[in-house]
file input_16.pdb (PDB, C-alpha atoms, pLDDT in the B column)
MODEL        1
ATOM      1  CA  MET A   1       0.000   0.000   0.000  1.00 46.00           C
ATOM      2  CA  LYS A   2       1.230   3.433  -0.761  1.00 55.00           C
ATOM      3  CA  LYS A   3       2.429   5.236   2.342  1.00 64.00           C
ATOM      4  CA  ASP A   4       0.403   8.319   1.364  1.00 65.00           C
ATOM      5  CA  LEU A   5      -2.744   6.322   2.176  1.00 69.00           C
ATOM      6  CA  LEU A   6      -1.707   6.588   5.837  1.00 74.00           C
ATOM      7  CA  LYS A   7      -1.289  10.378   5.792  1.00 74.00           C
ATOM      8  CA  GLY A   8      -3.215  12.112   8.522  1.00 77.00           C
ATOM      9  CA  LEU A   9      -3.081   9.169  10.918  1.00 81.00           C
ATOM     10  CA  THR A  10      -1.357   9.407  14.263  1.00 84.00           C
ATOM     11  CA  ASP A  11       1.516   7.053  15.096  1.00 86.00           C
ATOM     12  CA  GLU A  12      -0.874   5.201  17.406  1.00 88.00           C
ATOM     13  CA  GLN A  13      -3.423   4.766  14.593  1.00 83.00           C
ATOM     14  CA  VAL A  14      -0.730   3.545  12.171  1.00 80.00           C
ATOM     15  CA  ALA A  15       0.321   0.948  14.772  1.00 83.00           C
ATOM     16  CA  LYS A  16      -3.305  -0.185  15.045  1.00 83.00           C
ATOM     17  CA  VAL A  17      -3.532  -0.446  11.240  1.00 80.00           C
ATOM     18  CA  LYS A  18      -0.416  -2.634  11.183  1.00 78.00           C
ATOM     19  CA  ALA A  19      -1.963  -4.910  13.815  1.00 81.00           C
ATOM     20  CA  CYS A  20      -5.092  -5.572  11.715  1.00 79.00           C
ATOM     21  CA  LYS A  21      -5.172  -9.034  10.189  1.00 76.00           C
ATOM     22  CA  ASN A  22      -7.721  -8.438   7.404  1.00 72.00           C
ATOM     23  CA  HIS A  23      -9.771  -5.768   5.679  1.00 73.00           C
ATOM     24  CA  GLU A  24     -12.763  -6.293   8.005  1.00 78.00           C
ATOM     25  CA  GLU A  25     -10.591  -5.341  10.983  1.00 81.00           C
ATOM     26  CA  LEU A  26      -9.310  -2.287   9.098  1.00 80.00           C
ATOM     27  CA  LEU A  27     -12.853  -1.098   8.334  1.00 81.00           C
ATOM     28  CA  ALA A  28     -13.903  -1.663  11.957  1.00 85.00           C
ATOM     29  CA  LEU A  29     -10.862   0.290  13.144  1.00 86.00           C
ATOM     30  CA  ALA A  30     -11.649   3.203  10.823  1.00 83.00           C
ATOM     31  CA  LYS A  31     -15.222   3.299  12.109  1.00 85.00           C
ATOM     32  CA  ALA A  32     -14.142   3.078  15.769  1.00 89.00           C
ATOM     33  CA  GLU A  33     -11.550   5.850  15.297  1.00 85.00           C
ATOM     34  CA  GLY A  34     -13.999   8.066  13.394  1.00 85.00           C
ATOM     35  CA  ILE A  35     -11.722   8.082  10.344  1.00 80.00           C
ATOM     36  CA  GLU A  36     -13.336   8.918   7.025  1.00 77.00           C
ATOM     37  CA  LEU A  37     -11.715   6.961   4.216  1.00 74.00           C
ATOM     38  CA  ASN A  38     -11.337   8.557   0.793  1.00 70.00           C
ATOM     39  CA  ASP A  39     -12.053   6.584  -2.385  1.00 66.00           C
ATOM     40  CA  GLU A  40      -8.452   5.415  -2.807  1.00 68.00           C
ATOM     41  CA  GLN A  41      -8.289   4.230   0.804  1.00 70.00           C
ATOM     42  CA  LEU A  42     -11.612   2.400   0.484  1.00 67.00           C
ATOM     43  CA  GLN A  43     -10.374   0.617  -2.641  1.00 62.00           C
ATOM     44  CA  ALA A  44      -7.198  -0.399  -0.817  1.00 65.00           C
ATOM     45  CA  VAL A  45      -9.093  -1.771   2.183  1.00 63.00           C
ATOM     46  CA  ASN A  46     -11.646  -3.580   0.035  1.00 55.00           C
ATOM     47  CA  GLY A  47      -9.082  -5.070  -2.329  1.00 52.00           C
ATOM     48  CA  GLY A  48     -10.012  -2.888  -5.291  1.00 46.00           C
ATOM     49  CA  GLY A  49      -7.746  -1.573  -8.002  1.00 41.00           C
ATOM     50  CA  CYS A  50      -4.645  -0.820  -6.001  1.00 42.00           C
ATOM     51  CA  ASN A  51      -1.121  -0.987  -7.260  1.00 45.00           C
ATOM     52  CA  SER A  52      -0.564  -4.703  -7.386  1.00 48.00           C
ATOM     53  CA  ALA A  53       2.671  -5.149  -9.247  1.00 56.00           C
ATOM     54  CA  GLU A  54       2.944  -7.193 -12.382  1.00 73.00           C
ATOM     55  CA  LYS A  55       5.596  -9.856 -12.147  1.00 79.00           C
ATOM     56  CA  PRO A  56       8.756  -8.542 -13.841  1.00 85.00           C
ATOM     57  CA  THR A  57       9.910 -10.408 -16.938  1.00 87.00           C
ATOM     58  CA  HIS A  58      13.359  -8.889 -17.451  1.00 88.00           C
ATOM     59  CA  CYS A  59      16.153  -7.021 -15.709  1.00 89.00           C
ATOM     60  CA  PRO A  60      15.911  -3.219 -16.037  1.00 89.00           C
ATOM     61  CA  ARG A  61      19.718  -2.953 -16.094  1.00 91.00           C
ATOM     62  CA  CYS A  62      20.820  -5.596 -18.643  1.00 93.00           C
ATOM     63  CA  ASN A  63      17.448  -6.673 -20.104  1.00 91.00           C
ATOM     64  CA  SER A  64      18.119 -10.346 -19.298  1.00 92.00           C
ATOM     65  CA  THR A  65      15.115 -12.603 -18.757  1.00 91.00           C
ATOM     66  CA  ASN A  66      17.186 -14.787 -16.411  1.00 94.00           C
ATOM     67  CA  ILE A  67      15.753 -13.288 -13.202  1.00 92.00           C
ATOM     68  CA  ARG A  68      14.585 -14.616  -9.857  1.00 91.00           C
ATOM     69  CA  THR A  69      11.460 -13.102  -8.261  1.00 86.00           C
ATOM     70  CA  GLU A  70       9.792 -13.563  -4.904  1.00 82.00           C
ATOM     71  CA  SER A  71       6.351 -12.113  -4.185  1.00 75.00           C
ATOM     72  CA  PHE A  72       5.403 -10.517  -0.875  1.00 70.00           C
ATOM     73  CA  LYS A  73       2.197  -9.010   0.451  1.00 66.00           C
ATOM     74  CA  HIS A  74       2.316  -5.312   1.196  1.00 60.00           C
ATOM     75  CA  GLU A  75       2.547  -4.417   4.862  1.00 61.00           C
ATOM     76  CA  TYR A  76      -0.691  -2.398   5.032  1.00 57.00           C
ATOM     77  CA  THR A  77      -2.977  -4.262   2.657  1.00 54.00           C
ATOM     78  CA  PHE A  78      -3.786  -7.870   2.210  1.00 53.00           C
ATOM     79  CA  ASN A  79      -4.434  -7.989  -1.528  1.00 54.00           C
ATOM     80  CA  ASP A  80      -1.509  -6.055  -3.001  1.00 64.00           C
ATOM     81  CA  TYR A  81       1.799  -7.689  -3.767  1.00 67.00           C
ATOM     82  CA  TYR A  82       5.266  -6.525  -4.647  1.00 73.00           C
ATOM     83  CA  TYR A  83       8.244  -8.459  -5.951  1.00 80.00           C
ATOM     84  CA  LYS A  84      11.842  -8.653  -4.802  1.00 85.00           C
ATOM     85  CA  CYS A  85      13.895  -9.392  -7.883  1.00 89.00           C
ATOM     86  CA  LYS A  86      17.465 -10.361  -8.723  1.00 91.00           C
ATOM     87  CA  CYS A  87      19.044 -10.758 -12.128  1.00 93.00           C
ATOM     88  CA  ARG A  88      20.985 -14.009 -12.320  1.00 94.00           C
ATOM     89  CA  ASP A  89      23.190 -12.606 -15.087  1.00 95.00           C
ATOM     90  CA  CYS A  90      24.343  -9.185 -13.834  1.00 94.00           C
ATOM     91  CA  GLY A  91      23.389  -9.482 -10.131  1.00 93.00           C
ATOM     92  CA  TYR A  92      21.186  -6.357 -10.095  1.00 93.00           C
ATOM     93  CA  LYS A  93      18.543  -6.341  -7.312  1.00 90.00           C
ATOM     94  CA  TRP A  94      15.304  -4.320  -7.295  1.00 87.00           C
ATOM     95  CA  ASP A  95      11.787  -4.130  -5.880  1.00 82.00           C
ATOM     96  CA  ALA A  96       8.852  -4.028  -8.291  1.00 80.00           C
ATOM     97  CA  GLU A  97       5.705  -2.431  -6.910  1.00 70.00           C
TER      98      GLU A  97
ENDMDL
END
call {"tool": "encode", "arguments": {"input": "input_16.pdb", "output": "structure tokens"}}
result
Amino acid sequence: MKKDLLKGLTDEQVAKVKACKNHEELLALAKAEGIELNDEQLQAVNGGGCNSAEKPTHCPRCNSTNIRTESFKHEYTFNDYYYKCKCRDCGYKWDAE
């Protein structure tokens, strides 16, 4: 999830968001805290069109297709993924979000 989706939250609220295990808990937290979610935040919580990364197919440095990728769930959402990538030819490492 983009960090700007957490703008306006206190450190305590951000900690509570991190402790949520699913989108139902996030919605309940927002309601309990009296937080109004904008459209982008609602989409993120409900699993809508957020920035799920497409799996990379080549290295941005040397253009090799001999890459290794691992997918991870974003810290603040439960539907968005990012990839940690490494080129097996030139050794370049990058995150794809």
call {"tool": "resolve_selection", "arguments": {"input": "input_16.pdb", "expression": "the PyMOL selection byres ((chain A and resi 17) around 10)", "output": "number ranges by chain"}}
result
A: 6, 9, 11-16, 18-23, 25-27, 29-30, 75-77
call {"tool": "residues_around", "arguments": {"input": "input_16.pdb", "residues": "Pro60 (chain A)", "least_positions_apart": "3", "cutoff": "10 Å", "atoms": "only C-alpha atoms", "output": "PyMOL selection string"}}
result
chain A and resi 56-57+63-65+87+92-94
call {"tool": "closest_residue", "arguments": {"input": "input_16.pdb", "among": "A:Glu33, A:Tyr82, A:Gln41, A:Ala28", "to": "Glu54 (chain A)", "atoms": "all atoms listed in the file"}}
result
A:Tyr82
call {"tool": "atom_distance", "arguments": {"input": "input_16.pdb", "atom1": "CA of Phe72 (chain A)", "atom2": "CA of Glu24 (chain A)"}}
result
20.7 Å
call {"tool": "atom_distance", "arguments": {"input": "input_16.pdb", "atom1": "CA of Gly8 (chain A)", "atom2": "CA of Glu97 (chain A)"}}
result
23.0 Å
call {"tool": "atom_distance", "arguments": {"input": "input_16.pdb", "atom1": "CA of Cys90 (chain A)", "atom2": "CA of Lys55 (chain A)"}}
result
18.8 Å
call {"tool": "resolve_selection", "arguments": {"input": "input_16.pdb", "expression": "the PyMOL selection byres ((chain A and resi 70) around 9)", "output": "list of chain:residue names"}}
result
A:Arg68, A:Thr69, A:Ser71, A:Phe72, A:Tyr82, A:Tyr83, A:Lys84, A:Cys85
